[in-house]
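Below: coords.txt (compact mmCIF, C-alpha atoms and all ligand atoms)
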```
# COMPACT_ATOMS: atom_id res chain seq x y z
CA MET A 162 -131.75 -282.24 -66.22
CA ALA A 163 -133.75 -285.44 -65.96
CA ASN A 164 -132.61 -288.30 -63.77
CA ASP A 165 -135.58 -290.65 -63.83
CA ASN A 166 -133.51 -293.70 -63.04
CA LYS A 167 -132.25 -292.16 -59.78
CA GLY A 168 -128.78 -293.56 -60.17
CA TRP A 169 -127.38 -290.08 -59.59
CA ASP A 170 -128.55 -286.62 -58.60
CA PRO A 171 -127.86 -283.17 -60.06
CA SER A 172 -125.66 -282.12 -57.13
CA GLN A 173 -123.07 -284.56 -58.49
CA LEU A 174 -122.58 -282.48 -61.64
CA ARG A 175 -119.72 -280.00 -61.78
CA LYS A 176 -120.82 -276.44 -62.12
CA CYS A 177 -120.59 -274.87 -65.53
CA ASP A 178 -121.49 -271.36 -66.74
CA LEU A 179 -123.33 -272.66 -69.79
CA GLU A 180 -126.78 -274.17 -70.05
CA PHE A 181 -127.42 -277.22 -72.16
CA GLU A 182 -130.17 -278.96 -74.00
CA GLU A 183 -130.75 -282.65 -73.40
CA ILE A 184 -129.40 -285.20 -75.84
CA PRO A 185 -132.38 -287.35 -76.93
CA ARG A 186 -132.61 -290.93 -75.68
CA PHE A 187 -134.21 -293.73 -77.70
CA VAL A 188 -134.53 -297.48 -77.38
CA TYR A 189 -132.06 -299.23 -79.70
CA ASN A 190 -134.70 -300.38 -82.21
CA ASP A 191 -136.40 -296.98 -82.49
CA PRO A 192 -135.94 -295.78 -86.10
CA ARG A 193 -134.99 -292.35 -84.76
CA VAL A 194 -131.64 -293.77 -83.59
CA ASP A 195 -130.55 -294.23 -87.19
CA GLU A 196 -132.03 -290.91 -88.23
CA PHE A 197 -129.82 -289.17 -85.69
CA ILE A 198 -126.73 -291.16 -86.60
CA SER A 199 -127.22 -290.54 -90.30
CA GLU A 200 -127.43 -286.79 -89.62
CA ASN A 201 -124.26 -286.99 -87.49
CA LYS A 202 -126.17 -285.95 -84.41
CA PRO A 203 -125.56 -287.36 -80.92
CA VAL A 204 -128.10 -289.76 -79.46
CA VAL A 205 -128.26 -291.99 -76.39
CA ILE A 206 -129.12 -295.56 -77.31
CA LEU A 207 -130.99 -297.52 -74.64
CA GLY A 208 -131.42 -301.25 -74.21
CA SER A 209 -128.79 -302.42 -76.68
CA LYS A 210 -126.62 -305.34 -75.64
CA LEU A 211 -123.49 -303.78 -77.16
CA ALA A 212 -121.29 -304.10 -74.07
CA LYS A 213 -123.60 -306.21 -71.92
CA ALA A 214 -120.92 -308.88 -71.73
CA ALA A 215 -118.85 -306.37 -69.73
CA GLU A 216 -121.57 -305.98 -67.09
CA LYS A 217 -119.69 -308.35 -64.84
CA TRP A 218 -116.46 -306.35 -65.05
CA THR A 219 -116.28 -305.48 -61.38
CA LEU A 220 -112.93 -304.54 -59.90
CA ASP A 221 -112.52 -308.07 -58.51
CA TYR A 222 -113.28 -309.63 -61.88
CA LEU A 223 -111.00 -307.29 -63.80
CA GLU A 224 -108.18 -307.82 -61.32
CA LYS A 225 -108.50 -311.55 -61.70
CA ASN A 226 -108.92 -311.74 -65.46
CA MET A 227 -107.23 -308.81 -67.19
CA GLY A 228 -103.87 -310.54 -67.49
CA ASN A 229 -100.38 -309.30 -66.79
CA GLY A 230 -100.06 -306.74 -69.56
CA ASP A 231 -99.13 -303.10 -69.02
CA PHE A 232 -101.95 -300.58 -68.95
CA THR A 233 -101.65 -296.91 -69.74
CA VAL A 234 -102.68 -294.95 -66.69
CA PHE A 235 -102.67 -291.16 -66.47
CA LEU A 236 -101.95 -289.47 -63.16
CA SER A 237 -103.24 -286.00 -62.42
CA LYS A 238 -102.80 -283.68 -59.44
CA ASN A 239 -106.31 -282.34 -60.04
CA HIS A 240 -109.52 -283.70 -61.54
CA LYS A 241 -108.65 -282.84 -65.15
CA PHE A 242 -107.03 -285.25 -67.58
CA LYS A 243 -106.31 -283.12 -70.63
CA TYR A 244 -104.99 -285.28 -73.43
CA TYR A 245 -101.67 -284.44 -75.09
CA ASP A 246 -99.86 -285.89 -78.06
CA ASP A 247 -96.51 -287.37 -77.02
CA LYS A 248 -95.03 -286.99 -80.49
CA LYS A 249 -95.95 -283.32 -80.76
CA SER A 250 -94.59 -282.63 -77.27
CA MET A 251 -91.20 -283.83 -78.55
CA LEU A 252 -91.03 -281.14 -81.28
CA LYS A 253 -88.44 -278.42 -80.72
CA SER A 254 -91.11 -275.73 -80.98
CA ASN A 255 -92.92 -277.31 -78.03
CA SER A 256 -89.88 -277.60 -75.76
CA ASP A 257 -91.54 -275.47 -73.08
CA PHE A 258 -94.64 -277.67 -72.96
CA ILE A 259 -95.29 -279.11 -69.51
CA PRO A 260 -97.53 -282.19 -69.64
CA PRO A 261 -100.50 -281.68 -67.29
CA THR A 262 -100.67 -285.36 -66.44
CA LYS A 263 -98.10 -288.12 -66.06
CA LYS A 264 -98.39 -291.17 -68.26
CA LEU A 265 -97.59 -294.42 -66.43
CA ASP A 266 -97.48 -298.09 -67.29
CA MET A 267 -99.19 -300.13 -64.61
CA LYS A 268 -100.30 -303.69 -64.07
CA LEU A 269 -104.00 -303.90 -63.46
CA PRO A 270 -103.82 -305.14 -59.84
CA GLU A 271 -101.64 -302.16 -58.92
CA PHE A 272 -104.11 -299.75 -60.52
CA ILE A 273 -107.08 -301.37 -58.80
CA LYS A 274 -105.35 -301.32 -55.44
CA ARG A 275 -104.81 -297.57 -55.80
CA LEU A 276 -108.38 -297.09 -57.00
CA ARG A 277 -109.69 -298.88 -53.92
CA GLU A 278 -107.47 -296.96 -51.52
CA TRP A 279 -108.00 -293.54 -53.12
CA LYS A 280 -109.31 -290.76 -50.92
CA LYS A 281 -110.16 -287.14 -51.64
CA GLY A 282 -107.02 -285.05 -51.97
CA ASP A 283 -104.86 -287.88 -53.36
CA ASP A 284 -103.50 -287.77 -56.91
CA ARG A 285 -106.07 -289.07 -59.32
CA LEU A 286 -105.65 -291.89 -61.83
CA TYR A 287 -107.42 -292.63 -65.11
CA LEU A 288 -106.79 -295.89 -66.95
CA GLN A 289 -107.12 -295.54 -70.72
CA GLN A 290 -105.99 -298.57 -72.63
CA GLY A 291 -106.96 -300.06 -75.96
CA LEU A 292 -108.14 -303.64 -75.49
CA ASN A 293 -105.43 -305.85 -76.95
CA ASN A 294 -104.21 -309.42 -77.03
CA THR A 295 -102.55 -309.31 -73.59
CA VAL A 296 -105.90 -309.65 -71.82
CA GLY A 297 -106.76 -312.98 -70.20
CA PRO A 298 -109.08 -315.61 -71.74
CA ALA A 299 -112.19 -314.63 -69.72
CA ILE A 300 -111.93 -311.06 -71.00
CA VAL A 301 -111.39 -312.30 -74.56
CA HIS A 302 -114.52 -314.38 -74.12
CA ASP A 303 -116.51 -311.34 -72.91
CA PHE A 304 -115.09 -309.24 -75.73
CA LEU A 305 -116.26 -311.80 -78.29
CA ASN A 306 -119.69 -311.64 -76.68
CA PHE A 307 -120.07 -307.93 -77.30
CA ASP A 308 -122.99 -307.38 -79.65
CA TRP A 309 -120.87 -307.08 -82.78
CA ASN A 310 -124.00 -307.36 -84.92
CA PHE A 311 -125.26 -304.15 -83.41
CA CYS A 312 -122.17 -302.03 -84.05
CA THR A 313 -121.37 -303.63 -87.39
CA SER A 314 -124.87 -302.87 -88.62
CA LYS A 315 -124.40 -299.21 -87.59
CA GLN A 316 -121.06 -299.21 -89.36
CA SER A 317 -122.49 -300.50 -92.63
CA LYS A 318 -125.75 -298.55 -92.49
CA HIS A 319 -123.91 -295.28 -91.99
CA ASN A 320 -120.97 -295.98 -94.21
CA TRP A 321 -118.31 -295.80 -91.50
CA GLY A 322 -114.81 -297.03 -92.15
CA PRO A 323 -113.16 -299.86 -90.20
CA LEU A 324 -113.19 -300.26 -86.40
CA THR A 325 -109.83 -298.92 -85.21
CA SER A 326 -109.90 -299.71 -81.50
CA ASN A 327 -111.85 -300.32 -78.34
CA LEU A 328 -110.58 -298.08 -75.60
CA LEU A 329 -111.18 -299.27 -72.04
CA LEU A 330 -111.56 -296.36 -69.62
CA ILE A 331 -111.56 -296.90 -65.86
CA GLY A 332 -111.85 -293.64 -63.98
CA MET A 333 -112.16 -292.40 -60.45
CA GLU A 334 -115.28 -290.54 -59.36
CA GLY A 335 -115.01 -286.87 -60.32
CA ASN A 336 -112.40 -287.37 -63.07
CA VAL A 337 -112.85 -285.03 -66.04
CA THR A 338 -111.79 -285.39 -69.64
CA PRO A 339 -111.75 -281.75 -70.82
CA CYS A 340 -113.47 -280.66 -73.98
CA HIS A 341 -111.94 -281.95 -77.23
CA TYR A 342 -112.94 -283.54 -80.50
CA ASP A 343 -111.80 -286.78 -82.12
CA GLU A 344 -111.50 -287.55 -85.80
CA GLN A 345 -113.46 -290.79 -85.48
CA GLN A 346 -117.01 -291.99 -85.01
CA ASN A 347 -117.56 -293.20 -81.46
CA LEU A 348 -120.03 -295.62 -79.90
CA PHE A 349 -119.38 -294.89 -76.25
CA ALA A 350 -120.69 -297.76 -74.13
CA GLN A 351 -121.09 -297.11 -70.43
CA VAL A 352 -120.49 -300.20 -68.30
CA HIS A 353 -120.26 -299.08 -64.67
CA GLY A 354 -121.00 -295.81 -62.87
CA TYR A 355 -122.33 -292.61 -64.42
CA LYS A 356 -120.74 -290.14 -66.77
CA ARG A 357 -121.95 -286.69 -67.75
CA CYS A 358 -121.22 -285.96 -71.38
CA ILE A 359 -121.42 -282.41 -72.73
CA LEU A 360 -121.27 -282.15 -76.52
CA PHE A 361 -120.98 -279.26 -78.98
CA PRO A 362 -121.34 -279.42 -82.76
CA PRO A 363 -118.26 -278.97 -84.99
CA ASP A 364 -119.44 -275.55 -86.23
CA GLN A 365 -118.73 -274.12 -82.76
CA PHE A 366 -115.01 -274.16 -83.49
CA ASP A 367 -114.79 -270.40 -82.90
CA CYS A 368 -116.54 -270.65 -79.50
CA LEU A 369 -114.27 -273.40 -78.21
CA TYR A 370 -110.83 -272.18 -79.25
CA PRO A 371 -108.84 -275.33 -80.01
CA HIS A 372 -105.08 -275.26 -79.51
CA PRO A 373 -103.09 -274.95 -82.77
CA VAL A 374 -102.76 -278.16 -84.73
CA HIS A 375 -99.00 -278.52 -84.10
CA HIS A 376 -99.49 -278.11 -80.32
CA PRO A 377 -99.45 -281.22 -78.09
CA HIS A 378 -103.02 -280.27 -77.08
CA ASP A 379 -104.19 -280.34 -80.72
CA ARG A 380 -107.99 -281.00 -80.82
CA GLN A 381 -108.38 -279.84 -77.19
CA SER A 382 -110.22 -276.67 -76.26
CA MET A 383 -108.08 -273.98 -74.61
CA VAL A 384 -111.05 -272.96 -72.46
CA ASP A 385 -110.98 -274.15 -68.85
CA PHE A 386 -114.62 -275.01 -68.18
CA ASP A 387 -114.08 -274.61 -64.42
CA LYS A 388 -113.00 -271.00 -64.82
CA PRO A 389 -113.43 -269.71 -68.36
CA ASP A 390 -111.17 -266.77 -69.22
CA TYR A 391 -113.71 -264.64 -71.05
CA SER A 392 -111.21 -261.94 -71.90
CA ARG A 393 -109.22 -264.43 -73.97
CA PHE A 394 -112.19 -266.54 -75.06
CA PRO A 395 -115.21 -264.20 -75.27
CA LYS A 396 -117.14 -266.35 -77.68
CA PHE A 397 -117.24 -269.22 -75.21
CA ARG A 398 -120.31 -267.49 -73.73
CA GLU A 399 -122.09 -268.16 -77.00
CA ALA A 400 -121.29 -271.87 -77.08
CA ARG A 401 -124.48 -273.92 -77.41
CA GLY A 402 -124.15 -277.48 -76.34
CA CYS A 403 -126.18 -280.47 -75.26
CA GLU A 404 -125.67 -282.91 -72.44
CA THR A 405 -126.69 -286.20 -70.95
CA VAL A 406 -125.73 -288.51 -68.12
CA ILE A 407 -125.23 -292.09 -69.20
CA GLY A 408 -125.23 -295.11 -66.94
CA PRO A 409 -124.66 -298.86 -67.22
CA GLY A 410 -126.00 -300.39 -70.43
CA GLU A 411 -126.41 -297.05 -72.20
CA VAL A 412 -124.51 -296.11 -75.34
CA LEU A 413 -123.83 -292.56 -76.48
CA TYR A 414 -123.13 -291.95 -80.15
CA ILE A 415 -120.46 -289.22 -80.28
CA PRO A 416 -120.28 -288.10 -83.91
CA MET A 417 -116.89 -287.53 -85.48
CA TYR A 418 -115.56 -283.96 -84.92
CA TRP A 419 -118.14 -283.24 -82.21
CA TRP A 420 -116.63 -281.62 -79.14
CA HIS A 421 -117.07 -283.58 -75.92
CA HIS A 422 -116.38 -282.93 -72.26
CA ILE A 423 -116.83 -286.02 -70.08
CA GLU A 424 -116.98 -286.20 -66.31
CA SER A 425 -117.30 -289.18 -64.02
CA LEU A 426 -119.88 -287.93 -61.53
CA MET A 427 -118.62 -286.61 -58.21
CA ARG A 428 -119.42 -288.75 -55.16
CA GLY A 429 -120.40 -291.59 -57.48
CA SER A 430 -118.34 -294.67 -57.94
CA TYR A 431 -115.50 -295.57 -60.25
CA THR A 432 -116.55 -295.60 -63.89
CA VAL A 433 -115.95 -298.16 -66.61
CA THR A 434 -116.52 -297.37 -70.29
CA VAL A 435 -115.65 -299.22 -73.47
CA ASN A 436 -115.70 -297.19 -76.64
CA PHE A 437 -115.91 -298.36 -80.24
CA TRP A 438 -113.95 -296.06 -82.52
CA TYR A 439 -114.63 -296.20 -86.25
CA LYS A 440 -112.89 -294.35 -89.05
CA GLY A 441 -115.11 -291.92 -90.91
CA GLY A 442 -116.57 -293.04 -94.20
CA PRO A 443 -115.45 -291.91 -97.66
CA ASN A 444 -116.53 -288.36 -98.51
CA GLY A 445 -118.92 -289.31 -101.33
CA THR A 446 -120.30 -286.40 -103.27
CA VAL A 447 -119.57 -283.16 -101.48
CA THR A 448 -122.43 -280.66 -101.38
CA TYR A 449 -122.12 -276.94 -100.72
CA PRO A 450 -122.00 -275.08 -98.47
CA LEU A 451 -119.66 -277.45 -96.64
CA LYS A 452 -120.81 -278.82 -93.29
CA GLY A 453 -119.20 -277.80 -90.00
CA HIS A 454 -117.00 -280.88 -89.72
CA GLN A 455 -115.80 -280.52 -93.30
CA LYS A 456 -114.76 -276.94 -92.61
CA VAL A 457 -112.85 -278.10 -89.53
CA ALA A 458 -111.03 -280.61 -91.73
CA VAL A 459 -110.21 -277.80 -94.20
CA MET A 460 -108.87 -275.57 -91.40
CA ARG A 461 -106.73 -278.41 -90.06
CA ASN A 462 -105.25 -278.93 -93.51
CA VAL A 463 -104.54 -275.23 -94.00
CA GLU A 464 -102.77 -275.12 -90.64
CA LYS A 465 -100.75 -278.22 -91.45
CA MET A 466 -99.76 -276.85 -94.84
CA LEU A 467 -98.67 -273.51 -93.39
CA LEU A 468 -96.48 -275.25 -90.84
CA ASP A 469 -95.10 -277.45 -93.54
CA VAL A 470 -93.97 -274.53 -95.71
CA LEU A 471 -93.05 -272.07 -92.93
CA GLN A 472 -91.46 -274.71 -90.66
CA ASP A 473 -91.62 -272.49 -87.57
CA PRO A 474 -95.07 -272.27 -85.91
CA LYS A 475 -94.18 -268.74 -84.76
CA GLU A 476 -94.36 -267.62 -88.37
CA ILE A 477 -97.98 -268.69 -88.76
CA PRO A 478 -99.79 -265.90 -86.85
CA PRO A 479 -98.09 -262.95 -88.64
CA LEU A 480 -98.74 -264.55 -92.01
CA LEU A 481 -102.39 -265.18 -91.22
CA ARG A 482 -102.75 -261.64 -89.88
CA ALA A 483 -101.16 -260.12 -92.99
CA MET A 484 -103.43 -262.19 -95.14
CA VAL A 485 -106.67 -261.40 -93.30
CA LEU A 486 -106.54 -258.05 -91.50
CA GLY A 487 -108.13 -255.27 -93.53
CA ARG A 488 -108.62 -257.63 -96.46
CA TYR A 489 -111.07 -260.18 -95.13
CA THR A 490 -112.04 -258.23 -91.97
CA GLU A 491 -114.44 -255.30 -91.81
C1 LIG B 501 -113.70 -290.70 -76.01
C2 LIG B 501 -113.35 -289.87 -74.83
C3 LIG B 501 -113.08 -289.71 -72.43
C4 LIG B 501 -113.71 -290.21 -71.18
O1 LIG B 501 -114.14 -291.86 -75.83
O2 LIG B 501 -113.51 -290.21 -77.13
O3 LIG B 501 -112.95 -288.74 -74.99
O4 LIG B 501 -113.36 -289.69 -70.11
N1 LIG B 501 -113.48 -290.42 -73.59
O5 LIG B 501 -114.55 -291.12 -71.24
FE FE B 502 -112.73 -288.27 -77.03
```
If you took the structure in this file and wrote it as structure tokens, what would it be?
Ligand code: OGA
Ligand code: FE
Amino acid sequence: MANDNKGWDPSQLRKCDLEFEEIPRFVYNDPRVDEFISENKPVVILGSKLAKAAEKWTLDYLEKNMGNGDFTVFLSKNHKFKYYDDKKSMLKSNSDFIPPTKKLDMKLPEFIKRLREWKKGDDRLYLQQGLNNTVGPAIVHDFLNFDWNFCTSKQSKHNWGPLTSNLLLIGMEGNVTPCHYDEQQNLFAQVHGYKRCILFPPDQFDCLYPHPVHHPHDRQSMVDFDKPDYSRFPKFREARGCETVIGPGEVLYIPMYWWHHIESLMRGSYTVTVNFWYKGGPNGTVTYPLKGHQKVAVMRNVEKMLLDVLQDPKEIPPLLRAMVLGRYTE
């Protein structure tokens, strides 16, 4: 894939069995940006000033100005940081779930010290914390200087709901967030270092095999991209995705319900990202056939309803089998 800006080279990408198309890249005022967003298609937005105020967020600056609040930091023995839902992991039916990462509370200076001292082979850390009112005044100042006009105009033009949060992500080189989807619109603003983002449309549900909705890994693909188990997940071979590498100042629009796998490039530097998560808009008039993301929403609701009435997740598969096999299958 292209790397005209030379901030990275293809040998820094993890290997993957699939091939990808390139996500298009347009300057922020190109009308095609809004065409893509309105069609719920990913696009890289260049030259916006969305998170320019965070350009100076070096480790020294963050250490000095982030304040004394606690930050959520995940610790992983390998490069993968697969998200899990704490509440769902507490359910009786998930009592044998072993969290793949440890969730820690850390002060920022402690995190940055460990980031600086990290060497290959050590446990990895990934800070993922919503920006909140514990941050120091300089950070508040920078936050207020984000280009709110830019994101608010996207929000109103495309009928998004309210902004829910700004997640700050500080990762080590080589960290991977495995493939998952979120139920929100995302303006993903890269601040420092380079991230490879691989996206798949919502209609590839059957190629990506999400965990059941009640599972702590709800919304996460069961496929391990490092070593896909094709006997369990044969349709993963048919997955058709697109990718890009984003660097400082670039913003990736990740449409709601789109699958994304994100890796901080290997042998790069630490990465800093700030995302802008917006609720989806109201449905408006629904047209048929339903779109991929609407069908995903339907499937989620069916799963939730079945669990609600059956109570035990173990009862779901036999019921679905009885309902489908020989009746809705050839
Ligand atoms: C997101 C996301 C992960 C990452 O912003 O929705 O999944 O590693 N980020 O940046
Ligand atoms: Fe995500």
Go through A:Glu344, A:Asp178, A:Glu224, A:Glu334 one by one, measure the shortest atom-to-atom distance of each to A:Tyr391 using all atoms listed in the file, and give the residue with the smallest value.
->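 Under the stated criterion, the closest residue is A:Asp178.
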Tell me which protein, DNA and RNA residues are within 12 Å of A:Asp469, counting all atoms listed in the file, leaving out same-chain ones fewer than 6 positions away, and put them as an NGL selection string.
-> :A and (374-375 or 462-463 or 476-477)
What is the atom CA of A:Met460-atom CA of A:Gln381 distance in Å, reported with one decimal?
->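 Computed distance, atom CA of A:Met460 to atom CA of A:Gln381, equals 14.8 Å.
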Could I get the residues of chain A with an atom no further than 10 Å from an atom of ligand FE 502 (chain B), each paired with its nearest atom pair and that distance in Å to one decimal, using all atoms listed in the file, sorted by chain and residue number, as a Markdown table?
```
| residue | atom | partner | partner_atom | distance |
| --- | --- | --- | --- | --- |
| A:Tyr244 | CA | B:FE502 | FE | 9.0 |
| A:Thr338 | CA | B:FE502 | FE | 8.0 |
| A:Pro339 | CA | B:FE502 | FE | 9.1 |
| A:Cys340 | CA | B:FE502 | FE | 8.2 |
| A:His341 | CA | B:FE502 | FE | 6.4 |
| A:Tyr342 | CA | B:FE502 | FE | 5.9 |
| A:Asp343 | CA | B:FE502 | FE | 5.4 |
| A:Glu344 | CA | B:FE502 | FE | 8.9 |
| A:Gln345 | CA | B:FE502 | FE | 8.8 |
| A:Gln346 | CA | B:FE502 | FE | 9.8 |
| A:Asn347 | CA | B:FE502 | FE | 8.2 |
| A:Phe349 | CA | B:FE502 | FE | 9.4 |
| A:Arg380 | CA | B:FE502 | FE | 9.5 |
| A:Gln381 | CA | B:FE502 | FE | 9.5 |
| A:Ile415 | CA | B:FE502 | FE | 8.4 |
| A:Met417 | CA | B:FE502 | FE | 9.4 |
| A:Tyr418 | CA | B:FE502 | FE | 9.4 |
| A:Trp419 | CA | B:FE502 | FE | 9.0 |
| A:Trp420 | CA | B:FE502 | FE | 8.0 |
| A:His421 | CA | B:FE502 | FE | 6.5 |
| A:His422 | CA | B:FE502 | FE | 8.0 |
| A:Ile423 | CA | B:FE502 | FE | 8.4 |
| A:Asn436 | CA | B:FE502 | FE | 9.4 |
| A:Trp438 | CA | B:FE502 | FE | 9.6 |
```
Selection to disk with C-alpha atoms, as a JSON list (two decimals), keeping the file's coordinate frame:
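Okay, this is what ended up in again.json:
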```
[["chain", "number", "residue", "atom", "x", "y", "z"],
["A", 244, "TYR", "CA", -104.99, -285.28, -73.43],
["A", 338, "THR", "CA", -111.79, -285.39, -69.64],
["A", 339, "PRO", "CA", -111.75, -281.75, -70.82],
["A", 340, "CYS", "CA", -113.47, -280.66, -73.98],
["A", 341, "HIS", "CA", -111.94, -281.95, -77.23],
["A", 342, "TYR", "CA", -112.94, -283.54, -80.50],
["A", 343, "ASP", "CA", -111.80, -286.78, -82.12],
["A", 344, "GLU", "CA", -111.50, -287.55, -85.80],
["A", 345, "GLN", "CA", -113.46, -290.79, -85.48],
["A", 346, "GLN", "CA", -117.01, -291.99, -85.01],
["A", 347, "ASN", "CA", -117.56, -293.20, -81.46],
["A", 349, "PHE", "CA", -119.38, -294.89, -76.25],
["A", 380, "ARG", "CA", -107.99, -281.00, -80.82],
["A", 381, "GLN", "CA", -108.38, -279.84, -77.19],
["A", 415, "ILE", "CA", -120.46, -289.22, -80.28],
["A", 417, "MET", "CA", -116.89, -287.53, -85.48],
["A", 418, "TYR", "CA", -115.56, -283.96, -84.92],
["A", 419, "TRP", "CA", -118.14, -283.24, -82.21],
["A", 420, "TRP", "CA", -116.63, -281.62, -79.14],
["A", 421, "HIS", "CA", -117.07, -283.58, -75.92],
["A", 422, "HIS", "CA", -116.38, -282.93, -72.26],
["A", 423, "ILE", "CA", -116.83, -286.02, -70.08],
["A", 436, "ASN", "CA", -115.70, -297.19, -76.64],
["A", 438, "TRP", "CA", -113.95, -296.06, -82.52]]
```
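A straight line drawn from atom CA of A:Tyr287 to atom CA of A:Ile300 is 19.9 Å long.
Note that the spacing between atom CA of A:Met484 and atom CA of A:Lys456 amounts to 18.8 Å.
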From the set A:Thr490, A:Ser326, A:Ser430, A:Gln316, which residue has the shortest atom-to-atom contact distance to ligand LIG 501 (chain B), counting only C-alpha atoms and all ligand atoms?
->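 Nearest candidate to ligand LIG 501 (chain B) out of A:Thr490, A:Ser326, A:Ser430, A:Gln316: A:Ser326.
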Can you list, as a list in words, every protein, DNA or RNA residue that comes within 10 Å of A:Lys315 when you count only C-alpha atoms, leaving out same-chain residues fewer than 4 positions away?
-> Val194, Asp195, Ile198, Ser199, Trp309, Asn310, Phe311, His319, Asn320, Trp321 and Leu348 of chain A
